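Chemist: Next up is a structure, given as structure tokens.
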Amino acid sequence: MPDLGIDVLLKGSNMLRLLQGLWVAMKISLVSIGISIPLGLIVGTLMTTRFKSLKVIFRIYLETIRILPQLVLLFLVYFGSTRALGWNLSGEMASIIVFTLWGTAEMGDLVRSALVSIPKHQYESSEALGFTKGQMYYYIIIPQTIRRLLPLSINLITRMIKTTSLILMIGVVEMLKVAQQIIEANRMTSPNAAFGVFLVVFILYFIVCWPFSTLATHLEKKWR
Amino acid sequence: MKKLLAILLTGILAVGITACGNSAETASAKSEGYRTLDEIKESGTINIGVFSDKNPFGYVDENGTYQGYDVYFAERIGEDLGVEVNFVSTEAANRIEYLQTGKVDIILANFTVTDERKEEVDFALPYMNVALGVVSREDNEITSLDNWNKDDSIIVISGTTAETYLIENYPDIPLQKFDSYATAKEAFENGTSVAWENDNTEVIAFSLQNEGYTVGIPSLGSNDTIAPAVTKGNATLLDWINNEIEGLAAEKFFHADYEATLTDTYGSDYEESLVVEGGKTN
């Protein structure tokens with residue numbers, strides 16, 4: 001077995017620090033996901049309404065968030081809010097705001113496309129059967145929408161978890177930053193540590209993202 | 001659809017203009033984004049931006065404590081001001097932004113003084129020298145770049161000051177360019193070139209860690225310095241730091257700093273050439 005330099009993780013509290021970094025990343029992504037999903041459901045539904053101005057506003061919001069790289073958004077919110085408005089947001093708060101804005105936009109679009117993809121005859125037949133509007137959505141439309149939505153939103157969740165690796169740029173010390181710190185602190189004594197430490201980081205990201213994917217597969221099978 | 005697209009583009013443009021407008025506005029109207037010396041003392045905490053992954057200048061040890069040449073000085077600043085030091089982990093790319101928004105009071109992150117940066121932030125007196133250096137094999141030591149043998153080449157890393165310096169001053173020397181430190185190191189060790197030019201701290205560290213190499217030219221090109229930086233206009237803090245640096249010369253503070261943090265990497269031979277005491281460069 002080649003020397004991967006994993007032993008640097010056993011020095012002092014290095015492994016604990018790495019796990020604390022993971023916790024920071026998870027906290028930020030889970031809070032943002034928790035806010036984005038309900039907001040995304042509302043935004044997505046509003047995007048399918050007949051009000052043209054509402055549609056346009058959300059479209060602009062969605063496209064703006066999509067076009068700007070997350071890193072730019074982070075800089076805009078973290079430094080821009082101080083410059084323009086004098087707010088002093090913490091790095092964590094700025095990250096949660098950016099991830100929520102991004103998550104809501106993407107989730108909204110997923111909800112919109114899922115709603116649009118329900119064939120018109122589903123609405124028409126339920127009307128013909130005498131369902132009220134509420135009943136139609138509750139029994140017919142929403143269950144079908146959720147099934148179409150699920151794999152896509154799980155994909156969004158894992159993407160949001162992984163994108164937390166960017167927040168080190170606004171001073172939040174999350175897992176990837178801790179990994180870089182550990183590698184650099186041991187640059188002289190174990191030059192190979194980069195491989196071993198990043199391998200562990202890879203495994204940790206996998207461990208947190210995998211349950212979401214399994215859950216999605218499980219639910220998809222169950223609802224088929 | 002066309003209408004929608006037009007509205008969309010207008011929207012994006014508006015956002016873009018606002019975003020650009022913000023940065024322009026800050027330059028004039030909202031530039032008071034710093035804390036004066038008294039405000040820092042009153043709050044009991046000073047925020048100092050350091051690198052957390054640049055061993056041996058600023059890094060975090062296995063117990064999660066900040067260490068290094070810059071950190072050693074930062075701790076002394078906190079001690080002499082009588083405040084706690086809150087270390088903020090910065091990246092090379094966001095150091096200026098941190099100062100301009102007042103999110104840190106001082107940057108002590110191996111910050112090289114350049115004319116462009118002087119427009120954005122205020123530098124205090126320097127506390128370290130940086131220059132380029134050339135490392136070569138002991139049995140074929142390169143001590144000068146003049147009268148260069150055209151068959152030999154020098155290794156440089158693309159996009160560094162080392163590359164620009166050679167192209168401008170020694171256009172006749174053939175260069176071998178590599179994208180990363182690791183590939184350059186490997187090529188040099190395999191003997192593809194007679195010499196390798198890089199930051200002098202890097203080549204010194206390389207020659208000390210690897211048997212059979214020597215730094216024939218330890219200092220080349222324009223001598224740059226490393227200095228603390230504060231938000232532009234923060235005169236009270238800047239004056240205090242300058243006095244502090246001058247005052248620390250009496251006890252040879254930065255020599256002690258070097259011995260505590262840099263000797264393991266650079267040995268004691270380079271102490272005089274790297275350390276700047278009392279803000280006085282030679």
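To be explicit about the labels: the chains of the structure tokens are called A, B, and onward in the order shown, and within each one the residues are counted from 1, while ligands get numbers from 1 in the order they are shown.
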Excluding same-chain residues fewer than 5 positions from Asp105 (chain B), what lies within 10 Å of it counting only C-alpha atoms, as JSON, numbers by chain?
Modeler: {"B": [33, 34, 35, 36, 37, 40, 45, 46, 47, 48, 49, 98, 99, 100, 229, 230, 231, 234, 237]}
Chemist: Could you write out that same residue set with C-alpha atoms as a PDB file, in the first residue's frame?
Modeler:
ATOM      1  CA  GLY B  33     -16.030  51.221   6.470  1.00  0.00           C
ATOM      2  CA  TYR B  34     -13.301  50.858   9.061  1.00  0.00           C
ATOM      3  CA  ARG B  35     -12.848  50.986  12.806  1.00  0.00           C
ATOM      4  CA  THR B  36     -10.457  53.533  14.308  1.00  0.00           C
ATOM      5  CA  LEU B  37      -7.861  52.592  16.896  1.00  0.00           C
ATOM      6  CA  ILE B  40     -10.976  48.650  18.284  1.00  0.00           C
ATOM      7  CA  THR B  45     -11.239  42.503  19.857  1.00  0.00           C
ATOM      8  CA  ILE B  46      -9.218  43.115  16.732  1.00  0.00           C
ATOM      9  CA  ASN B  47     -10.006  41.229  13.533  1.00  0.00           C
ATOM     10  CA  ILE B  48      -6.857  40.238  11.690  1.00  0.00           C
ATOM     11  CA  GLY B  49      -7.003  38.508   8.325  1.00  0.00           C
ATOM     12  CA  TYR B  98     -11.980  42.227   3.310  1.00  0.00           C
ATOM     13  CA  LEU B  99     -10.204  45.492   4.110  1.00  0.00           C
ATOM     14  CA  GLN B 100     -12.413  47.665   1.941  1.00  0.00           C
ATOM     15  CA  ALA B 229      -2.289  46.574   5.355  1.00  0.00           C
ATOM     16  CA  VAL B 230      -5.265  48.499   6.727  1.00  0.00           C
ATOM     17  CA  THR B 231      -8.367  49.987   5.122  1.00  0.00           C
ATOM     18  CA  ASN B 234      -7.602  54.383   8.607  1.00  0.00           C
ATOM     19  CA  LEU B 237      -4.522  52.333  13.153  1.00  0.00           C
TER      20      LEU B 237
END
Chemist: Give me, as JSON lines, the closest atom pair and its distance (Å, one decimal) for every residue of chain A within a cut-off of 7 Å of chain B, counting only C-alpha atoms, rows sorted by chain and rising number.
Modeler:
{"residue": "A:Lys11", "atom": "CA", "partner": "B:Glu62", "partner_atom": "CA", "distance": 6.0}
{"residue": "A:Gly12", "atom": "CA", "partner": "B:Glu62", "partner_atom": "CA", "distance": 4.9}
{"residue": "A:Ser13", "atom": "CA", "partner": "B:Asn63", "partner_atom": "CA", "distance": 5.3}
{"residue": "A:Asn14", "atom": "CA", "partner": "B:Glu62", "partner_atom": "CA", "distance": 5.4}
{"residue": "A:Ile60", "atom": "CA", "partner": "B:Leu8", "partner_atom": "CA", "distance": 5.6}
{"residue": "A:Thr64", "atom": "CA", "partner": "B:Ile12", "partner_atom": "CA", "distance": 6.3}
{"residue": "A:Phe79", "atom": "CA", "partner": "B:Thr101", "partner_atom": "CA", "distance": 6.4}
{"residue": "A:Thr82", "atom": "CA", "partner": "B:Thr101", "partner_atom": "CA", "distance": 6.1}
{"residue": "A:Arg83", "atom": "CA", "partner": "B:Thr26", "partner_atom": "CA", "distance": 6.0}
{"residue": "A:Ala84", "atom": "CA", "partner": "B:Asn22", "partner_atom": "CA", "distance": 5.9}
{"residue": "A:Met169", "atom": "CA", "partner": "B:Glu91", "partner_atom": "CA", "distance": 6.6}
{"residue": "A:Gly171", "atom": "CA", "partner": "B:Ser89", "partner_atom": "CA", "distance": 5.4}
{"residue": "A:Gln180", "atom": "CA", "partner": "B:Asp53", "partner_atom": "CA", "distance": 6.2}
{"residue": "A:Gln181", "atom": "CA", "partner": "B:Asp53", "partner_atom": "CA", "distance": 4.5}
{"residue": "A:Glu184", "atom": "CA", "partner": "B:Asp53", "partner_atom": "CA", "distance": 5.4}
{"residue": "A:Ala185", "atom": "CA", "partner": "B:Asn55", "partner_atom": "CA", "distance": 5.6}
Chemist: Please produce an output containing N, CA and C atoms for each residue in the selection, written as a compact mmCIF listing (two decimals), in the first residue's frame.
Modeler:
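File result_35.txt, as written:
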# COMPACT_ATOMS: atom_id res chain seq x y z
N LYS A 11 -3.15 13.10 13.67
CA LYS A 11 -2.40 14.02 14.52
C LYS A 11 -3.35 14.97 15.23
N GLY A 12 -3.10 15.22 16.51
CA GLY A 12 -3.87 16.20 17.27
C GLY A 12 -5.36 15.99 17.06
N SER A 13 -6.07 17.10 16.81
CA SER A 13 -7.52 16.97 16.64
C SER A 13 -7.91 17.11 15.18
N ASN A 14 -7.00 16.75 14.27
CA ASN A 14 -7.25 16.98 12.85
C ASN A 14 -8.54 16.35 12.33
N ILE A 60 -37.29 36.45 -14.41
CA ILE A 60 -36.08 37.28 -14.29
C ILE A 60 -35.26 36.84 -13.09
N THR A 64 -31.56 35.30 -13.50
CA THR A 64 -30.45 36.05 -12.91
C THR A 64 -29.63 35.14 -11.99
N PHE A 79 -19.86 40.75 0.62
CA PHE A 79 -19.18 42.05 0.59
C PHE A 79 -20.11 43.17 0.11
N THR A 82 -22.36 44.83 2.66
CA THR A 82 -21.66 45.76 3.54
C THR A 82 -21.40 47.08 2.82
N ARG A 83 -20.98 46.96 1.57
CA ARG A 83 -20.64 48.16 0.80
C ARG A 83 -21.87 49.02 0.54
N ALA A 84 -22.93 48.37 0.05
CA ALA A 84 -24.07 49.15 -0.39
C ALA A 84 -25.01 49.51 0.75
N MET A 169 -14.40 30.88 0.30
CA MET A 169 -13.99 32.16 -0.27
C MET A 169 -14.51 33.36 0.51
N GLY A 171 -14.61 33.26 3.84
CA GLY A 171 -14.07 33.13 5.19
C GLY A 171 -14.74 32.09 6.07
N GLN A 180 -7.50 21.68 3.32
CA GLN A 180 -6.36 22.44 2.79
C GLN A 180 -5.42 22.85 3.91
N GLN A 181 -6.01 23.25 5.05
CA GLN A 181 -5.17 23.65 6.19
C GLN A 181 -4.32 22.49 6.67
N GLU A 184 -1.52 21.71 4.13
CA GLU A 184 -0.45 22.71 4.12
C GLU A 184 0.37 22.69 5.40
N ALA A 185 -0.29 22.47 6.54
CA ALA A 185 0.44 22.44 7.80
C ALA A 185 1.46 21.30 7.81
Chemist: Would you mind telling me which residue in A:Leu89, A:Val98, A:Ala179, A:Ala105 lies nearest to Thr163 (chain A) when using only C-alpha atoms?
Modeler: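 Ranked by minimum distance to Thr163 (chain A), first place goes to A:Val98.
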Chemist: Considering only strand (DSSP E) as DSSP defines it on the backbone, what residues of region 10-247 of chain B qualify? List them as a ChimeraX atom specification.
Modeler: /B:45-51,53-54,58-60,66-67,84-90,106-107,121-123,128-137,154-157,175-178,195-199,213-226,229-231
Chemist: By how many Å are CA of Phe198 (chain A) and CA of Ile161 (chain A) apart?
Modeler: 16.5 Å
Chemist: Find the residues near Lys55 (chain A): any atom within 12 Å, counting only C-alpha atoms, skip ones fewer than 4 places away on the same chain, and give them as a PyMOL selection string.
Modeler: (chain A and resi 43-51+59-62+108-109+112) or (chain B and resi 4+7-8)
Chemist: Could you pull the residues within 9 Å of Tyr78 (chain A), counting only C-alpha atoms, minus those fewer than 4 positions along the same chain, as a compact mmCIF listing (two decimals) with C-alpha atoms, in the first residue's frame?
Modeler:
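Final output, part-v1.txt:
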# COMPACT_ATOMS: atom_id res chain seq x y z
CA LEU A 73 -23.46 35.61 -5.63
CA LEU A 74 -21.51 34.87 -2.45
CA THR A 82 -21.66 45.76 3.54
CA ASN A 88 -22.37 43.26 8.51
CA LEU A 89 -23.50 39.73 7.73
CA SER A 90 -21.47 36.80 9.00
CA GLY A 91 -20.05 34.45 6.40
CA MET A 93 -25.49 34.03 7.18
CA ALA A 94 -24.41 35.25 3.74
CA SER A 95 -23.98 31.62 2.63
CA ILE A 170 -16.00 34.29 2.16
Chemist: Show which residues sit within 9 Å of Phe99 (chain A), as a list of chain:residue names. Count only C-alpha atoms, and ignore same-chain residues fewer than 6 positions away.
Modeler: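 Selected residues are A:Ile28, A:Ser29, A:Ser32, A:Ile33, A:Ser36, A:Gln70, A:Leu74, A:Met160, A:Thr163, A:Thr164.
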Chemist: Go ahead and write the selection's residues with C-alpha atoms as a short mmCIF file (atom, residue, chain, number, x, y, z; two decimals), in the first residue's frame.
Modeler:
data_model
loop_
_atom_site.label_atom_id
_atom_site.label_comp_id
_atom_site.auth_asym_id
_atom_site.auth_seq_id
_atom_site.Cartn_x
_atom_site.Cartn_y
_atom_site.Cartn_z
CA ILE A 28 -25.58 25.66 5.99
CA SER A 29 -26.87 23.39 3.25
CA SER A 32 -30.95 26.46 3.07
CA ILE A 33 -32.63 23.34 1.70
CA SER A 36 -35.77 26.56 -0.30
CA GLN A 70 -22.52 30.94 -7.04
CA LEU A 74 -21.51 34.87 -2.45
CA MET A 160 -26.28 22.23 -2.80
CA THR A 163 -21.42 23.56 -3.58
CA THR A 164 -20.73 24.53 0.06
#
Chemist: Counting only C-alpha atoms, which of A:Ala128, A:Asn192, A:Ile96, A:Ile118 gets nearest to Ala25 (chain A)?
Modeler: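 Of A:Ala128, A:Asn192, A:Ile96, A:Ile118, the one nearest Ala25 (chain A) is A:Ile96, counting only C-alpha atoms.
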Chemist: What's the 10 Å shell around Leu215 (chain A), counting only C-alpha atoms, without same-chain residues fewer than 4 positions away, as a list in words?
Modeler: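 Once the adjacent positions are removed, what remains is Leu150, Pro151, Ile154, Trp210, Pro211, Leu219, Glu220 and Lys221 of chain A.
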Chemist: Neighbouring residues of Asp172 (chain B) were defined as those with any atom within 10 Å, considering only C-alpha atoms; residues of the same chain fewer than 2 positions away were excluded. Please report them as a list in words.
Modeler: Trp148, Asn149, Lys150, Ser153, Leu166, Ile167, Glu168, Asn169, Tyr170, Pro174 and Leu175 of chain B
Chemist: Write the residues of the preceding selection, restricted to N, CA and C atoms, as a PDB file, in the first residue's frame.
Modeler:
ATOM      1  N   TRP B 148      24.860  33.743 -20.618  1.00  0.00           N
ATOM      2  CA  TRP B 148      24.132  32.470 -20.525  1.00  0.00           C
ATOM      3  C   TRP B 148      24.486  31.550 -21.698  1.00  0.00           C
ATOM      4  N   ASN B 149      24.708  30.280 -21.394  1.00  0.00           N
ATOM      5  CA  ASN B 149      24.934  29.275 -22.434  1.00  0.00           C
ATOM      6  C   ASN B 149      23.577  28.922 -23.064  1.00  0.00           C
ATOM      7  N   LYS B 150      23.438  29.194 -24.396  1.00  0.00           N
ATOM      8  CA  LYS B 150      22.138  29.070 -25.071  1.00  0.00           C
ATOM      9  C   LYS B 150      21.543  27.668 -25.062  1.00  0.00           C
ATOM     10  N   SER B 153      18.458  25.656 -20.319  1.00  0.00           N
ATOM     11  CA  SER B 153      17.204  26.368 -20.107  1.00  0.00           C
ATOM     12  C   SER B 153      16.945  26.510 -18.608  1.00  0.00           C
ATOM     13  N   LEU B 166      12.111  37.115 -16.233  1.00  0.00           N
ATOM     14  CA  LEU B 166      13.075  36.584 -17.210  1.00  0.00           C
ATOM     15  C   LEU B 166      12.771  37.050 -18.619  1.00  0.00           C
ATOM     16  N   ILE B 167      11.487  37.052 -18.979  1.00  0.00           N
ATOM     17  CA  ILE B 167      11.125  37.467 -20.333  1.00  0.00           C
ATOM     18  C   ILE B 167      11.535  38.927 -20.554  1.00  0.00           C
ATOM     19  N   GLU B 168      11.346  39.771 -19.545  1.00  0.00           N
ATOM     20  CA  GLU B 168      11.666  41.183 -19.696  1.00  0.00           C
ATOM     21  C   GLU B 168      13.171  41.468 -19.662  1.00  0.00           C
ATOM     22  N   ASN B 169      13.870  40.769 -18.783  1.00  0.00           N
ATOM     23  CA  ASN B 169      15.276  41.125 -18.570  1.00  0.00           C
ATOM     24  C   ASN B 169      16.283  40.204 -19.259  1.00  0.00           C
ATOM     25  N   TYR B 170      15.908  38.963 -19.472  1.00  0.00           N
ATOM     26  CA  TYR B 170      16.828  38.036 -20.138  1.00  0.00           C
ATOM     27  C   TYR B 170      16.078  37.301 -21.246  1.00  0.00           C
ATOM     28  N   PRO B 174      16.460  30.459 -22.828  1.00  0.00           N
ATOM     29  CA  PRO B 174      15.313  29.583 -23.123  1.00  0.00           C
ATOM     30  C   PRO B 174      14.609  29.165 -21.826  1.00  0.00           C
ATOM     31  N   LEU B 175      13.277  29.201 -21.857  1.00  0.00           N
ATOM     32  CA  LEU B 175      12.504  28.858 -20.661  1.00  0.00           C
ATOM     33  C   LEU B 175      11.764  27.549 -20.850  1.00  0.00           C
TER      34      LEU B 175
END
Chemist: Output as a ChimeraX atom specification all residues of region 111-209 of chain A that backbone DSSP marks as helix (DSSP H, G or I).
Modeler: /A:111-117,120-128,133-170,175-185,193-209
